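Heads up: the structure comes next, in structure tokens.
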Amino acid sequence: MTHAMTALNRRLGAVAYGGDYNPEQWPKEVWQEDVRLMREAGVNLVTVGVFSWSRLQPRPGVFDWSLLDEVLDLLHEHGIAADLATPTAAPPPWFTHQHPDARPVTASGTRLGHGSRQVFCPSHPAYAEAADALVTALATRYADHPAVAMWHVHNEFGNHNGLCYCETSAAAFRVWLQERYGDLDALNEAWGADFWSQRYGEWAEIDAPRDTTAFRNPGQDLDYRRFSSDALLARHRAETALLRRYAPGVPLTTNHLGTLEKKVDGFAFAAECDLVSLDHYLPAADPDGHIDLALNADLARGMAGGRPWLLMEHSTSAVNWQPVNVAKQPGEMRRNSLTHLARGADGIMFFQWRQSRAGAEKWHSAMLPHAGTDSRVWREVRSLGADLAALGEVAGTRVQAETALLFDWHNWWALELEARPSEQMRYLDAVRDWYEALWTSNITCDVVAPGADLTRYKAVFAPNLYLLTDEDAANLERYVRGGGHLAVGCFSGVVDAHDRVRLGGYPGALSDVLGLRVDEYLPLRTGDAVRLSDASTAELWAERVEPRGCETVLRFADAADGGPARGGPAVTRHAFGEGASWYVATRASAATLRDLVCRIGEEARLRTAPAVPEGVEAVRRTGPDGSYLFLVNHTGESVKAPAEGAVLVGAAGDGAVVEIPAGGVAVVRETAPAPRA
């Protein structure tokens with residue numbers, strides 16, 4: 001069966017290219033210029049209608065399709081496909097006026113006002129009724145329109161209303177809990193409700209975990225995170241079901257929040273889509289932003305199960321929501337875009353097509369900026385369109401990663417609840433530390449959930465698994481026993497699915513597979529560090545590790561106040577079954593992690609990474625007819641790199657070596673098969 005992203009590329013005849021198109025913001029005479037310039041830039045797909053609810057339904061029960069009819073016809077006439085959105089992320093003023101109690105409420109009890117987007121409680125029945133009616137009418141009218149190539153469900157679920165604490169949400173939470181636990185005894189046990197006299201005798205006694213006098217019940221707080229994600233997921237499923245019913249055969253997606261947002265369980269939403277799409281924005285002035293970009297792209301590919309995915313939004317230059325919105329440097333937009341393509345995206349889209357002249361996002365860059373076509377951004381947009389046209393043959397190929405990095409939203413929620421051993425232990429810090437070690441070693445990884453099928457990976461890296469379910473722990477044990485190589489970061493295996501500590505010594509669920517026991521956790525004060533036996537320093541965290549079959553790879557070389565005993569294990573290795581596991585009991589330095597990653601890679605017999613200069617990112621996409629090597633130069637100088645094959649874009653080459661300009665990207669159709677270790 002052809003994957004939905006591949007089918008979309010075939011329909012377009014190219015890599016998807018375009019952005020959000022909001023013609024309702026402009027007079028009709030501008031629309032003709034829009035489609036003409038879209039064709040000039042190579043645009044073949046635009047997202048339409050994302051925030052058009054008040055236009056399409058100006059009053060309750062009254063629909064006006066005239067604008068959308070004309071726009072879709074115009075796009076089709078000019079050969080531009082539409083990603084038609086359900087505009088349910090921005091209820092119109094008449095809705096909140098009629099249903100003021102449908103507005104979300106903060107944890108402190110403040111009900112938010114109208115005037116922005118996502119001003120609704122995900123659990124409110126009036127919102128569900130209004131949204132479903134709109135989606136039904138939209139799908140019925142445009143199911144067979146020739147311009148519609150894809151459905152775009154909602155917009156960034158949970159971005160601004162991920163947690164609502166109103167009475168409606170509290171009531172829905174109680175229903176969710178009854179379905180999850182069945183009876184109050186099970187709930188009280190899961191939440192440890194005997195602590196602080198919180199044992200419940202009636203379901204009606206349970207409330208949302210609003211602001212209170214001291215710490216909240218962590219089990220309740222964690223479950224409220226899950227419930228809130230599920231409430232939004234229910235809305236996604238409801239809209240999806242209507243679209244599949246009234247417009248069968250048209251693929252659908254929703255644009256997941258990029259930059260690793262904590263708000264919803266992305267894997268759960270991805271499972272409901274025909275293809276995965278991602279929004280990604282990064283601070284333009286962040287010197288390591290390109291590593292974060294790669295991490296997000298690898299997560300998108302992981303959510304897609306390794307299949308091609310769609311970059312639904314990113315920016316041509318500055319955004320509008322940072323304290324200082326720095327413009328992208330010349331060439332940076334191209335470099336960002338082609339890096340996403342390198343890591344599995346088969347479509348490159350932006351917010352938005354034409355830069356707004358009014359509204360909250362008028363200072364957010366766009367493909368067609370305020371300055372018009374006589375601008376640097378427009379020239380780069382046209383140039384990128386030409387590059388993507390030249391790279392059409394890459395669409396449908398895949399990134400074949402031999403390693404995986406584990407990522408889990410439930411673990412993230414649990415790790416950063418109140419009253420942990422150290423509030424400095426932050427999930428994304430650990431993820432980024434380990435990912436950077438892989439990235440700087442030019443080891444490509446899929447970012448997947450702990451419960452994913454790991455059998456195809458030679459090595460798996462788990463930066464933190466504080467919360468680990470029994471099922472996921474068993475999955476990791478099977479993986480190592482079967483010959484896999486697993487590396488685990490500190491403070492892992494500690495609690496079960498309900499945030500209850502696993503007794504008998506840490507790391508609980510991972511003690512056997514790691515071959516060790518941790519007697520005590522020893523968080524370090526801000527500014528403190530410990531020295532390791534490789535002469536590096538580590539920070540944030542230490543542990544008193546007792547080997548139970550593992551060997552010591554690195555030791556703590558000194559004993560700080562409250563820190564580990566001198567000579568205690570800091571990094572361990574354990575032969576287990578046919579495989580091996582590794583444990584890092586501190587926040588190791590970048591160099592130490594990189595050395596460890598490379599050692600594990602050698603032991604796992606990973607493919608030889610491309611021999612490229614430092615600062616050059618190398619990623620390979622492979623298909624039945626060959627492979628494509630993407631070389632991304634993150635340095636300020638022109639560099640040469642070995643690459644056998646024909647250069648498709650971005651560099652001069654002689655068939656064996658390519659010269660990549662400073663800040664440039666080269667793509668090579670390789671003539672030799674990908675090397676193997």
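The chains in the structure tokens are called A, B, ... from first to last as shown; in each chain the residues are counted from 1, and the ligands are counted from 1 in the order shown.
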>> At a cut-off of 9 Å, using only C-alpha atoms, what residues contact stretch 203-208 of chain A? Leave out same-chain residues fewer than 4 positions from it and give the result as a PyMOL selection string.
In response: chain A and resi 107+164-167+169-171+173-175+177-178+183-184+220-221+224
Write the selection just made, keeping N, CA and C atoms, as a PDB file, in the first residue's frame?
ATOM      1  N   ALA A 107      -5.080  27.163  36.240  1.00  0.00           N
ATOM      2  CA  ALA A 107      -4.980  26.435  37.505  1.00  0.00           C
ATOM      3  C   ALA A 107      -5.289  27.324  38.699  1.00  0.00           C
ATOM      4  N   CYS A 164      -6.918  22.817  30.896  1.00  0.00           N
ATOM      5  CA  CYS A 164      -8.055  23.628  31.343  1.00  0.00           C
ATOM      6  C   CYS A 164      -8.549  23.073  32.670  1.00  0.00           C
ATOM      7  N   TYR A 165      -8.801  23.957  33.629  1.00  0.00           N
ATOM      8  CA  TYR A 165      -9.168  23.544  34.984  1.00  0.00           C
ATOM      9  C   TYR A 165     -10.590  23.953  35.356  1.00  0.00           C
ATOM     10  N   CYS A 166     -11.455  24.124  34.360  1.00  0.00           N
ATOM     11  CA  CYS A 166     -12.830  24.534  34.647  1.00  0.00           C
ATOM     12  C   CYS A 166     -13.631  23.369  35.223  1.00  0.00           C
ATOM     13  N   GLU A 167     -14.846  23.654  35.670  1.00  0.00           N
ATOM     14  CA  GLU A 167     -15.702  22.618  36.248  1.00  0.00           C
ATOM     15  C   GLU A 167     -16.074  21.559  35.221  1.00  0.00           C
ATOM     16  N   SER A 169     -14.171  20.542  32.757  1.00  0.00           N
ATOM     17  CA  SER A 169     -12.999  19.674  32.660  1.00  0.00           C
ATOM     18  C   SER A 169     -12.893  18.754  33.870  1.00  0.00           C
ATOM     19  N   ALA A 170     -13.167  19.275  35.051  1.00  0.00           N
ATOM     20  CA  ALA A 170     -13.110  18.448  36.259  1.00  0.00           C
ATOM     21  C   ALA A 170     -14.104  17.295  36.181  1.00  0.00           C
ATOM     22  N   ALA A 171     -15.316  17.575  35.687  1.00  0.00           N
ATOM     23  CA  ALA A 171     -16.318  16.517  35.538  1.00  0.00           C
ATOM     24  C   ALA A 171     -15.867  15.475  34.518  1.00  0.00           C
ATOM     25  N   PHE A 173     -12.796  14.818  33.770  1.00  0.00           N
ATOM     26  CA  PHE A 173     -11.679  14.120  34.409  1.00  0.00           C
ATOM     27  C   PHE A 173     -12.194  12.959  35.254  1.00  0.00           C
ATOM     28  N   ARG A 174     -13.272  13.172  35.978  1.00  0.00           N
ATOM     29  CA  ARG A 174     -13.832  12.106  36.812  1.00  0.00           C
ATOM     30  C   ARG A 174     -14.304  10.931  35.952  1.00  0.00           C
ATOM     31  N   VAL A 175     -14.921  11.234  34.821  1.00  0.00           N
ATOM     32  CA  VAL A 175     -15.352  10.165  33.910  1.00  0.00           C
ATOM     33  C   VAL A 175     -14.137   9.410  33.379  1.00  0.00           C
ATOM     34  N   LEU A 177     -11.266   9.064  34.806  1.00  0.00           N
ATOM     35  CA  LEU A 177     -10.708   8.262  35.890  1.00  0.00           C
ATOM     36  C   LEU A 177     -11.516   6.992  36.123  1.00  0.00           C
ATOM     37  N   GLN A 178     -12.824   7.091  36.047  1.00  0.00           N
ATOM     38  CA  GLN A 178     -13.655   5.897  36.223  1.00  0.00           C
ATOM     39  C   GLN A 178     -13.354   4.867  35.146  1.00  0.00           C
ATOM     40  N   ASP A 183     -12.706   1.464  39.895  1.00  0.00           N
ATOM     41  CA  ASP A 183     -13.251   1.724  41.230  1.00  0.00           C
ATOM     42  C   ASP A 183     -12.282   2.604  42.011  1.00  0.00           C
ATOM     43  N   LEU A 184     -12.796   3.159  43.108  1.00  0.00           N
ATOM     44  CA  LEU A 184     -12.015   4.119  43.881  1.00  0.00           C
ATOM     45  C   LEU A 184     -10.869   3.465  44.635  1.00  0.00           C
ATOM     46  N   GLN A 220      -2.213  12.344  40.913  1.00  0.00           N
ATOM     47  CA  GLN A 220      -3.345  13.088  40.361  1.00  0.00           C
ATOM     48  C   GLN A 220      -2.874  14.071  39.302  1.00  0.00           C
ATOM     49  N   ASP A 221      -1.782  14.751  39.578  1.00  0.00           N
ATOM     50  CA  ASP A 221      -1.256  15.737  38.638  1.00  0.00           C
ATOM     51  C   ASP A 221      -0.842  15.066  37.326  1.00  0.00           C
ATOM     52  N   TYR A 224      -3.852  14.059  35.390  1.00  0.00           N
ATOM     53  CA  TYR A 224      -4.530  15.195  34.762  1.00  0.00           C
ATOM     54  C   TYR A 224      -3.826  15.596  33.469  1.00  0.00           C
TER      55      TYR A 224
END
> When DSSP works through the backbone of this structure, what residues of stretch 233-268 of chain A end up as strand (DSSP E or B), shown as a PyMOL selection string?
Replying inline: chain A and resi 252-253+255-256
> Contacts of stretch 551-560 of chain A at 7 Å or less, counting only C-alpha atoms, minus same-chain residues fewer than 5 places along, as a ChimeraX atom specification?
Replying inline: /A:530-534,565-574
Closest pair table for stretch 70-178 of chain A residues within 12 Å of stretch 312-319 of chain A, only C-alpha atoms, as CSV:
residue,atom,partner,partner_atom,distance
A:Asp83,CA,A:Met312,CA,10.0
A:His152,CA,A:Met312,CA,9.8
A:Asn155,CA,A:Met312,CA,10.4
A:Glu156,CA,A:Glu313,CA,10.5
> Between A:Arg216, A:Arg244, A:Arg607, A:Arg548, which has the minimum distance to A:Arg517 (counting only C-alpha atoms)?
Replying inline: A:Arg548
> In Å, how far is it from atom CA of A:Leu311 to atom CA of A:His340?
Replying inline: 7.4 Å
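In the backbone-derived DSSP annotation, alpha helix (DSSP H) within stretch 501-542 of chain A comprises Ser511, Asp512, Val513 and Leu514 of chain A.
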>> Just want the 12 Å neighbourhood of A:Gly201, counted on only C-alpha atoms, with same-chain residues fewer than 6 positions away dropped. Output as a PyMOL selection string.
In response: chain A and resi 183-188+193-194
Could you write out that same residue set with N, CA, C and O atoms as a PDB file, in the first residue's frame?
ATOM      1  N   ASP A 183     -12.706   1.464  39.895  1.00  0.00           N
ATOM      2  CA  ASP A 183     -13.251   1.724  41.230  1.00  0.00           C
ATOM      3  C   ASP A 183     -12.282   2.604  42.011  1.00  0.00           C
ATOM      4  O   ASP A 183     -11.109   2.756  41.660  1.00  0.00           O
ATOM      5  N   LEU A 184     -12.796   3.159  43.108  1.00  0.00           N
ATOM      6  CA  LEU A 184     -12.015   4.119  43.881  1.00  0.00           C
ATOM      7  C   LEU A 184     -10.869   3.465  44.635  1.00  0.00           C
ATOM      8  O   LEU A 184      -9.849   4.119  44.902  1.00  0.00           O
ATOM      9  N   ASP A 185     -11.011   2.202  45.003  1.00  0.00           N
ATOM     10  CA  ASP A 185      -9.900   1.534  45.681  1.00  0.00           C
ATOM     11  C   ASP A 185      -8.660   1.516  44.790  1.00  0.00           C
ATOM     12  O   ASP A 185      -7.546   1.758  45.255  1.00  0.00           O
ATOM     13  N   ALA A 186      -8.877   1.204  43.510  1.00  0.00           N
ATOM     14  CA  ALA A 186      -7.746   1.172  42.580  1.00  0.00           C
ATOM     15  C   ALA A 186      -7.151   2.566  42.403  1.00  0.00           C
ATOM     16  O   ALA A 186      -5.929   2.729  42.337  1.00  0.00           O
ATOM     17  N   LEU A 187      -7.999   3.585  42.329  1.00  0.00           N
ATOM     18  CA  LEU A 187      -7.501   4.954  42.190  1.00  0.00           C
ATOM     19  C   LEU A 187      -6.725   5.373  43.433  1.00  0.00           C
ATOM     20  O   LEU A 187      -5.626   5.944  43.332  1.00  0.00           O
ATOM     21  N   ASN A 188      -7.270   5.116  44.618  1.00  0.00           N
ATOM     22  CA  ASN A 188      -6.590   5.502  45.852  1.00  0.00           C
ATOM     23  C   ASN A 188      -5.231   4.824  45.976  1.00  0.00           C
ATOM     24  O   ASN A 188      -4.252   5.432  46.431  1.00  0.00           O
ATOM     25  N   ALA A 193      -3.172   7.683  48.005  1.00  0.00           N
ATOM     26  CA  ALA A 193      -4.066   8.688  48.573  1.00  0.00           C
ATOM     27  C   ALA A 193      -4.094   8.700  50.097  1.00  0.00           C
ATOM     28  O   ALA A 193      -4.635   9.643  50.695  1.00  0.00           O
ATOM     29  N   ASP A 194      -3.496   7.694  50.744  1.00  0.00           N
ATOM     30  CA  ASP A 194      -3.447   7.738  52.202  1.00  0.00           C
ATOM     31  C   ASP A 194      -2.456   8.790  52.693  1.00  0.00           C
ATOM     32  O   ASP A 194      -2.513   9.204  53.851  1.00  0.00           O
TER      33      ASP A 194
END
